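Have a look at target_17.cif; it's mmCIF, C-alpha atoms:
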```
data_query
loop_
_atom_site.label_atom_id
_atom_site.label_comp_id
_atom_site.auth_asym_id
_atom_site.auth_seq_id
_atom_site.Cartn_x
_atom_site.Cartn_y
_atom_site.Cartn_z
CA MET A 1 13.74 17.24 -6.21
CA SER A 2 12.48 19.63 -3.58
CA LYS A 3 12.26 18.68 0.05
CA THR A 4 9.71 20.13 2.46
CA ARG A 5 8.75 19.62 6.06
CA GLY A 6 6.06 16.99 6.58
CA ASP A 7 2.60 17.96 7.79
CA THR A 8 1.43 16.83 11.22
CA ASN A 9 -1.84 14.92 11.00
CA ALA A 10 -4.39 14.07 13.66
CA GLY A 11 -3.95 10.52 14.82
CA SER A 12 -0.47 10.22 13.32
CA GLY A 13 0.93 8.85 16.57
CA VAL A 14 -1.50 5.94 16.51
CA TRP A 15 -0.75 5.38 12.83
CA ARG A 16 2.99 5.29 13.42
CA LEU A 17 2.55 2.85 16.29
CA GLY A 18 0.57 0.52 14.06
CA ILE A 19 3.14 0.68 11.28
CA PHE A 20 5.93 0.08 13.78
CA ALA A 21 4.21 -3.05 15.09
CA ALA A 22 3.67 -4.32 11.57
CA ALA A 23 7.27 -3.69 10.59
CA MET A 24 8.53 -5.62 13.62
CA LEU A 25 6.49 -8.62 12.48
CA LEU A 26 7.58 -8.49 8.84
CA PRO A 27 10.22 -11.29 8.90
CA LEU A 28 7.62 -13.75 10.21
CA LEU A 29 4.74 -12.52 8.10
CA MET A 30 6.76 -12.56 4.90
CA THR A 31 6.56 -16.32 4.97
CA SER A 32 3.42 -17.06 6.95
CA CYS A 33 0.70 -14.88 5.42
CA GLY A 34 -1.40 -15.79 2.41
CA LYS A 35 -2.84 -19.01 1.05
CA LYS A 36 -1.17 -20.68 -1.90
CA ASP A 37 -1.08 -23.88 -3.86
CA HIS A 38 1.82 -26.23 -3.13
CA GLU A 39 3.21 -25.66 -6.62
CA GLY A 40 4.31 -22.21 -5.50
CA GLU A 41 4.44 -18.83 -7.14
CA LYS A 42 3.05 -19.79 -10.55
CA LYS A 43 -0.36 -20.37 -9.02
CA THR A 44 -0.63 -16.75 -7.86
CA VAL A 45 -1.02 -15.43 -11.41
CA GLN A 46 -4.60 -14.27 -11.79
CA LYS A 47 -6.96 -16.27 -14.03
CA SER A 48 -8.50 -13.05 -15.32
CA GLU A 49 -7.69 -9.39 -14.92
CA ASP A 50 -10.61 -8.97 -12.49
CA ASP A 51 -9.90 -12.11 -10.47
CA PHE A 52 -8.25 -10.15 -7.65
CA LEU A 53 -11.21 -7.81 -7.12
CA ASP A 54 -13.39 -8.47 -4.06
CA LYS A 55 -16.18 -10.80 -5.13
CA ASP A 56 -18.25 -9.86 -2.07
CA ALA A 57 -18.20 -6.12 -2.76
CA LYS A 58 -21.55 -4.37 -2.46
CA PRO A 59 -23.06 -3.13 -5.73
CA ASP A 60 -22.35 0.51 -4.86
CA GLU A 61 -18.70 -0.35 -4.09
CA ARG A 62 -17.98 -1.81 -7.51
CA LYS A 63 -17.30 1.62 -9.02
CA TYR A 64 -14.52 2.22 -6.50
CA LEU A 65 -12.85 -1.11 -7.29
CA LEU A 66 -12.95 -0.34 -11.01
CA ALA A 67 -11.57 3.17 -10.45
CA ALA A 68 -8.59 1.89 -8.44
CA LYS A 69 -7.99 -1.19 -10.59
CA PRO A 70 -5.82 0.44 -13.33
CA PHE A 71 -3.40 1.93 -10.79
CA PHE A 72 -3.24 -1.35 -8.91
CA ILE A 73 -2.46 -3.33 -12.08
CA ALA A 74 0.11 -0.78 -13.28
CA VAL A 75 2.01 -1.05 -10.00
CA ALA A 76 1.83 -4.85 -10.03
CA ASN A 77 3.26 -4.83 -13.57
CA ARG A 78 5.97 -2.32 -12.63
CA LYS A 79 4.61 0.14 -15.18
CA TYR A 80 5.29 3.08 -12.93
CA ALA A 81 4.89 5.73 -15.61
CA ASP A 82 1.38 4.39 -16.27
CA ALA A 83 0.63 4.33 -12.55
CA TYR A 84 1.82 7.92 -12.18
CA ALA A 85 -0.43 9.07 -15.01
CA LEU A 86 -3.46 7.82 -13.05
CA LEU A 87 -2.77 9.97 -9.99
CA SER A 88 -4.83 13.07 -9.22
CA ARG A 89 -3.30 16.49 -8.78
CA TYR A 90 -3.65 16.03 -5.02
CA ALA A 91 -1.48 12.91 -5.09
CA ILE A 92 1.35 14.49 -7.06
CA THR A 93 1.33 17.81 -5.19
CA ARG A 94 3.35 16.22 -2.44
CA MET A 95 4.73 12.76 -1.65
CA SER A 96 6.78 11.80 1.38
CA LEU A 97 9.10 8.84 1.89
CA ASP A 98 6.69 7.56 4.56
CA GLN A 99 4.25 6.62 1.79
CA PHE A 100 6.80 4.25 0.25
CA LYS A 101 8.98 3.24 3.20
CA PRO A 102 7.15 3.38 6.55
CA ALA A 103 9.29 4.14 9.57
CA GLU A 104 10.59 1.04 11.30
CA GLN A 105 10.60 2.89 14.59
CA ASP A 106 8.72 5.92 15.81
CA SER A 107 11.78 8.16 15.80
CA ASP A 108 12.21 7.62 12.05
CA SER A 109 8.77 8.88 11.08
CA GLN A 110 9.48 12.60 11.30
CA GLN A 111 12.63 12.16 9.22
CA ASN A 112 10.71 10.18 6.57
CA GLN A 113 7.96 12.78 6.36
CA SER A 114 10.49 15.58 6.02
CA TYR A 115 12.04 13.75 3.05
CA ALA A 116 9.33 14.82 0.61
CA PHE A 117 8.84 15.83 -2.99
CA ASP A 118 6.66 18.68 -4.23
CA ASN A 119 5.00 18.64 -7.66
CA VAL A 120 6.21 15.10 -8.17
CA THR A 121 7.32 14.00 -11.63
CA ALA A 122 6.96 10.54 -13.15
CA GLU A 123 10.71 10.05 -12.75
CA GLN A 124 10.56 10.90 -9.04
CA PHE A 125 7.64 8.53 -8.51
CA ALA A 126 9.60 5.71 -10.18
CA TYR A 127 12.60 6.57 -8.01
CA LEU A 128 10.51 6.32 -4.83
CA MET A 129 9.14 2.96 -5.94
CA GLN A 130 12.67 1.62 -5.59
CA TYR A 131 12.19 1.83 -1.82
CA VAL A 132 9.13 -0.42 -2.10
CA GLU A 133 11.00 -2.97 -4.19
CA ALA A 134 14.01 -2.92 -1.87
CA ALA A 135 11.82 -3.61 1.16
CA HIS A 136 9.40 -6.17 -0.27
CA GLY A 137 10.69 -7.52 -3.57
CA THR A 138 9.75 -6.96 -7.21
CA PRO A 139 6.00 -6.63 -7.86
CA ARG A 140 4.75 -9.44 -10.10
CA ALA A 141 0.95 -9.87 -9.83
CA PRO A 142 -2.15 -8.46 -8.11
CA LYS A 143 -3.31 -10.54 -5.16
CA MET A 144 -6.48 -8.87 -3.89
CA LEU A 145 -8.26 -5.52 -3.66
CA HIS A 146 -11.28 -4.54 -1.56
CA VAL A 147 -13.11 -1.42 -0.41
CA PHE A 148 -12.25 -0.65 3.20
CA SER A 149 -14.52 2.29 3.94
CA THR A 150 -16.83 4.82 2.31
CA ASP A 151 -17.83 6.46 5.61
CA PRO A 152 -17.16 10.23 5.34
CA ASP A 153 -16.47 10.44 9.08
CA VAL A 154 -13.84 7.71 8.87
CA LEU A 155 -12.30 9.24 5.73
CA ASN A 156 -12.00 12.58 7.51
CA ARG A 157 -11.00 11.46 11.03
CA ARG A 158 -14.31 12.62 12.50
CA SER A 159 -15.79 9.31 13.65
CA LYS A 160 -17.13 9.27 17.22
CA GLU A 161 -17.30 5.48 17.31
CA GLN A 162 -15.25 3.64 19.92
CA PHE A 163 -12.68 2.50 17.37
CA GLY A 164 -13.15 5.39 14.98
CA GLY A 165 -9.55 6.50 15.28
CA MET A 166 -8.32 3.01 14.40
CA ASP A 167 -10.70 2.82 11.45
CA SER A 168 -9.32 6.11 10.13
CA MET A 169 -5.77 4.89 10.60
CA PHE A 170 -6.46 1.85 8.42
CA ALA A 171 -8.53 3.85 5.94
CA ILE A 172 -6.38 6.90 5.22
CA GLY A 173 -3.17 6.54 7.25
CA ALA A 174 -1.26 9.83 7.16
CA MET A 175 -3.33 11.38 4.39
CA PRO A 176 -2.82 15.18 4.62
CA ASP A 177 -5.67 17.18 6.10
CA TRP A 178 -5.40 19.76 3.31
CA ILE A 179 -6.94 17.35 0.81
CA PRO A 180 -10.60 18.53 0.77
CA ALA A 181 -12.91 16.56 3.04
CA ASP A 182 -15.97 16.94 0.84
CA ILE A 183 -14.45 15.13 -2.15
CA ARG A 184 -13.18 12.02 -0.34
CA ARG A 185 -15.18 9.02 -1.50
CA ALA A 186 -13.55 5.70 -0.56
CA SER A 187 -10.57 3.95 0.95
CA LEU A 188 -9.36 0.69 -0.55
CA ARG A 189 -6.80 -1.81 0.61
CA GLY A 190 -5.10 -4.46 -1.46
CA GLN A 191 -2.08 -6.71 -1.75
CA ILE A 192 0.44 -7.32 -4.52
CA HIS A 193 2.54 -10.47 -4.88
CA THR A 194 6.28 -9.90 -5.09
CA GLU A 195 9.32 -11.88 -6.17
CA LEU A 196 12.36 -11.82 -3.92
CA SER A 197 15.90 -11.58 -5.24
CA PRO A 198 18.29 -14.50 -4.58
CA GLN A 199 19.88 -12.52 -1.73
CA GLU A 200 16.51 -11.67 -0.20
CA LEU A 201 15.46 -15.31 -0.44
CA GLN A 202 18.65 -16.31 1.35
CA ASN A 203 18.05 -13.74 4.08
CA VAL A 204 14.48 -14.92 4.70
CA ALA A 205 15.54 -18.57 4.68
CA GLN A 206 18.24 -17.87 7.25
CA ARG A 207 15.76 -16.09 9.53
CA GLU A 208 13.39 -19.06 9.26
CA GLY A 209 16.21 -21.55 9.81
CA ILE A 210 15.53 -23.49 6.60
CA SER A 211 17.08 -23.83 3.15
CA VAL A 212 16.05 -21.63 0.24
CA GLU A 213 14.72 -24.71 -1.54
CA ASP A 214 12.49 -25.64 1.39
CA LEU A 215 11.36 -22.04 1.73
CA LYS A 216 10.22 -21.87 -1.89
CA LYS A 217 8.41 -25.23 -1.57
CA SER A 218 6.41 -24.07 1.43
CA ALA A 219 2.70 -23.66 0.73
CA ASP A 220 2.69 -20.62 3.02
CA PHE A 221 5.54 -18.79 1.32
CA ASP A 222 3.88 -15.83 -0.33
CA PRO A 223 5.83 -12.53 -0.21
CA TYR A 224 3.69 -9.46 -0.85
CA PHE A 225 3.11 -5.90 0.22
CA ASN A 226 -0.03 -3.95 1.09
CA LEU A 227 -1.29 -0.97 -0.88
CA LYS A 228 -3.69 1.57 0.60
CA ILE A 229 -5.55 3.88 -1.79
CA VAL A 230 -7.87 6.83 -1.11
CA LEU A 231 -10.17 7.96 -3.90
CA VAL A 232 -11.61 11.44 -4.35
CA GLU A 233 -14.09 12.81 -6.84
CA GLU A 234 -12.42 15.37 -9.07
CA GLY A 235 -14.17 16.88 -12.08
CA GLY A 236 -16.85 14.22 -11.93
CA HIS A 237 -14.30 11.38 -11.98
CA LEU A 238 -12.91 9.13 -9.25
CA LYS A 239 -9.16 9.60 -8.89
CA ILE A 240 -6.39 8.56 -6.53
CA ALA A 241 -5.59 11.36 -4.10
CA TYR A 242 -3.41 9.43 -1.66
CA PHE A 243 -1.70 6.04 -1.29
CA GLU A 244 0.63 4.16 1.01
CA PHE A 245 2.74 1.05 0.47
CA LEU A 246 2.85 -1.03 3.64
CA PRO A 247 4.42 -4.30 4.85
CA PRO A 248 2.40 -7.43 5.63
CA SER A 249 0.83 -7.35 9.08
CA ILE A 250 -1.26 -9.34 11.54
CA TRP A 251 -4.31 -7.40 10.33
CA ASP A 252 -4.20 -8.73 6.77
#
```
Rewrite the coordinates I just gave you, this time as structure tokens.
Amino acid sequence: MSKTRGDTNAGSGVWRLGIFAAAMLLPLLMTSCGKKDHEGEKKTVQKSEDDFLDKDAKPDERKYLLAAKPFFIAVANRKYADAYALLSRYAITRMSLDQFKPAEQDSDSQQNQSYAFDNVTAEQFAYLMQYVEAAHGTPRAPKMLHVFSTDPDVLNRRSKEQFGGMDSMFAIGAMPDWIPADIRRASLRGQIHTELSPQELQNVAQREGISVEDLKKSADFDPYFNLKIVLVEEGGHLKIAYFEFLPPSIWD
């Protein structure tokens, strides 16, 4: 495992601020976000393998959903070797801890970005996924996936719109600037249901001031994490060049 210094990206300060705000809200959002049936977790299993894909996607966005779908499903099924095999050469060239475990406070971000892996192997990717599971629980089913942006200016931090910087933050996060601008095609955002361990369930129940049994019966109890994906066109094919695993937030 090789460690290198993280790259500084335009707009990273705004990005870190957003992640910090989301992380501060995680205990509340873990139990209050998402709509579920009163029978609980069993109802979150998809009726079909495409059920989680955005039904309102524009016709020209469908190809991006289908390109990201295999990676999304592999992660949700904890088939991390399969997920790794779907990554482009840009994605495996370098991965930082920030992609798997966002800083809980601004001072942690530089340390997370400096904890990085070059020429990432499948074993290293699986190792880093342990941080995602520790923070959010064990992935168990896809929840939703939609196309966030296909605007080249947003995907390359060039938008002159009033909230262009915020759009880029949501679209590509801390995606390195060295990934070619002319091959970036789409940003997608999705959510994956998770299952908490008995200890994690106890911790959440204590924070909410209720019993574990009452927590699990709640119609609003729906632990999950967010997954951000950026697709590029490489060799005539759409591939994943960058991703981030993020906590639930008020923007979901």
| field | Explicit residue set for the PyMOL selection byres ((chain A and resi 138-152) around 9), as a count of residues only | value | 58
| Using all atoms listed in the file, which of the listed residues (A:Tyr131, A:Trp178, A:Phe221, A:Tyr242) sits closest to Met95 in chain A? |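 Using all atoms listed in the file, Met95 in chain A sits closest to A:Tyr242.
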| query | Distance CA of Arg94 in chain A-CA of Asp118 in chain A, one decimal place? | reply |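 Rounded to one decimal, the two atoms are 4.5 Å apart.
Here CA of Asp82 in chain A stands at a distance of 18.4 Å from CA of Gln99 in chain A.
Straight-line separation from CA of Arg207 in chain A to CA of Pro223 in chain A: 14.4 Å.
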| said: Once the PyMOL selection byres ((chain A and resi 121) around 10) is applied to the coordinates I shared, what remains selected? I want it as a ChimeraX atom specification. | reply: /A:1,81,84-85,92-93,117-120,122-127
| Contacts of Val232 in chain A within 7 Å, all atoms listed in the file, excl. fewer than 5 positions in-chain, as a ChimeraX atom specification | /A:183-185,238-241
| query | Using only C-alpha atoms, which residue out of A:Ala219, A:Glu234, A:Ala135, A:Met166 lies closest to Leu246 in chain A? | reply |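 Among A:Ala219, A:Glu234, A:Ala135, A:Met166, it is A:Ala135 that comes nearest to Leu246 in chain A.
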Around all listed atoms of range 129-138 of chain A, padded 5 Å per side, what centre and edge lengths does the axis-aligned box have in Å to one decimal, as JSON?
```
{"center_x": 11.6, "center_y": -2.3, "center_z": -3.0, "size_x": 14.9, "size_y": 20.5, "size_z": 18.4}
```
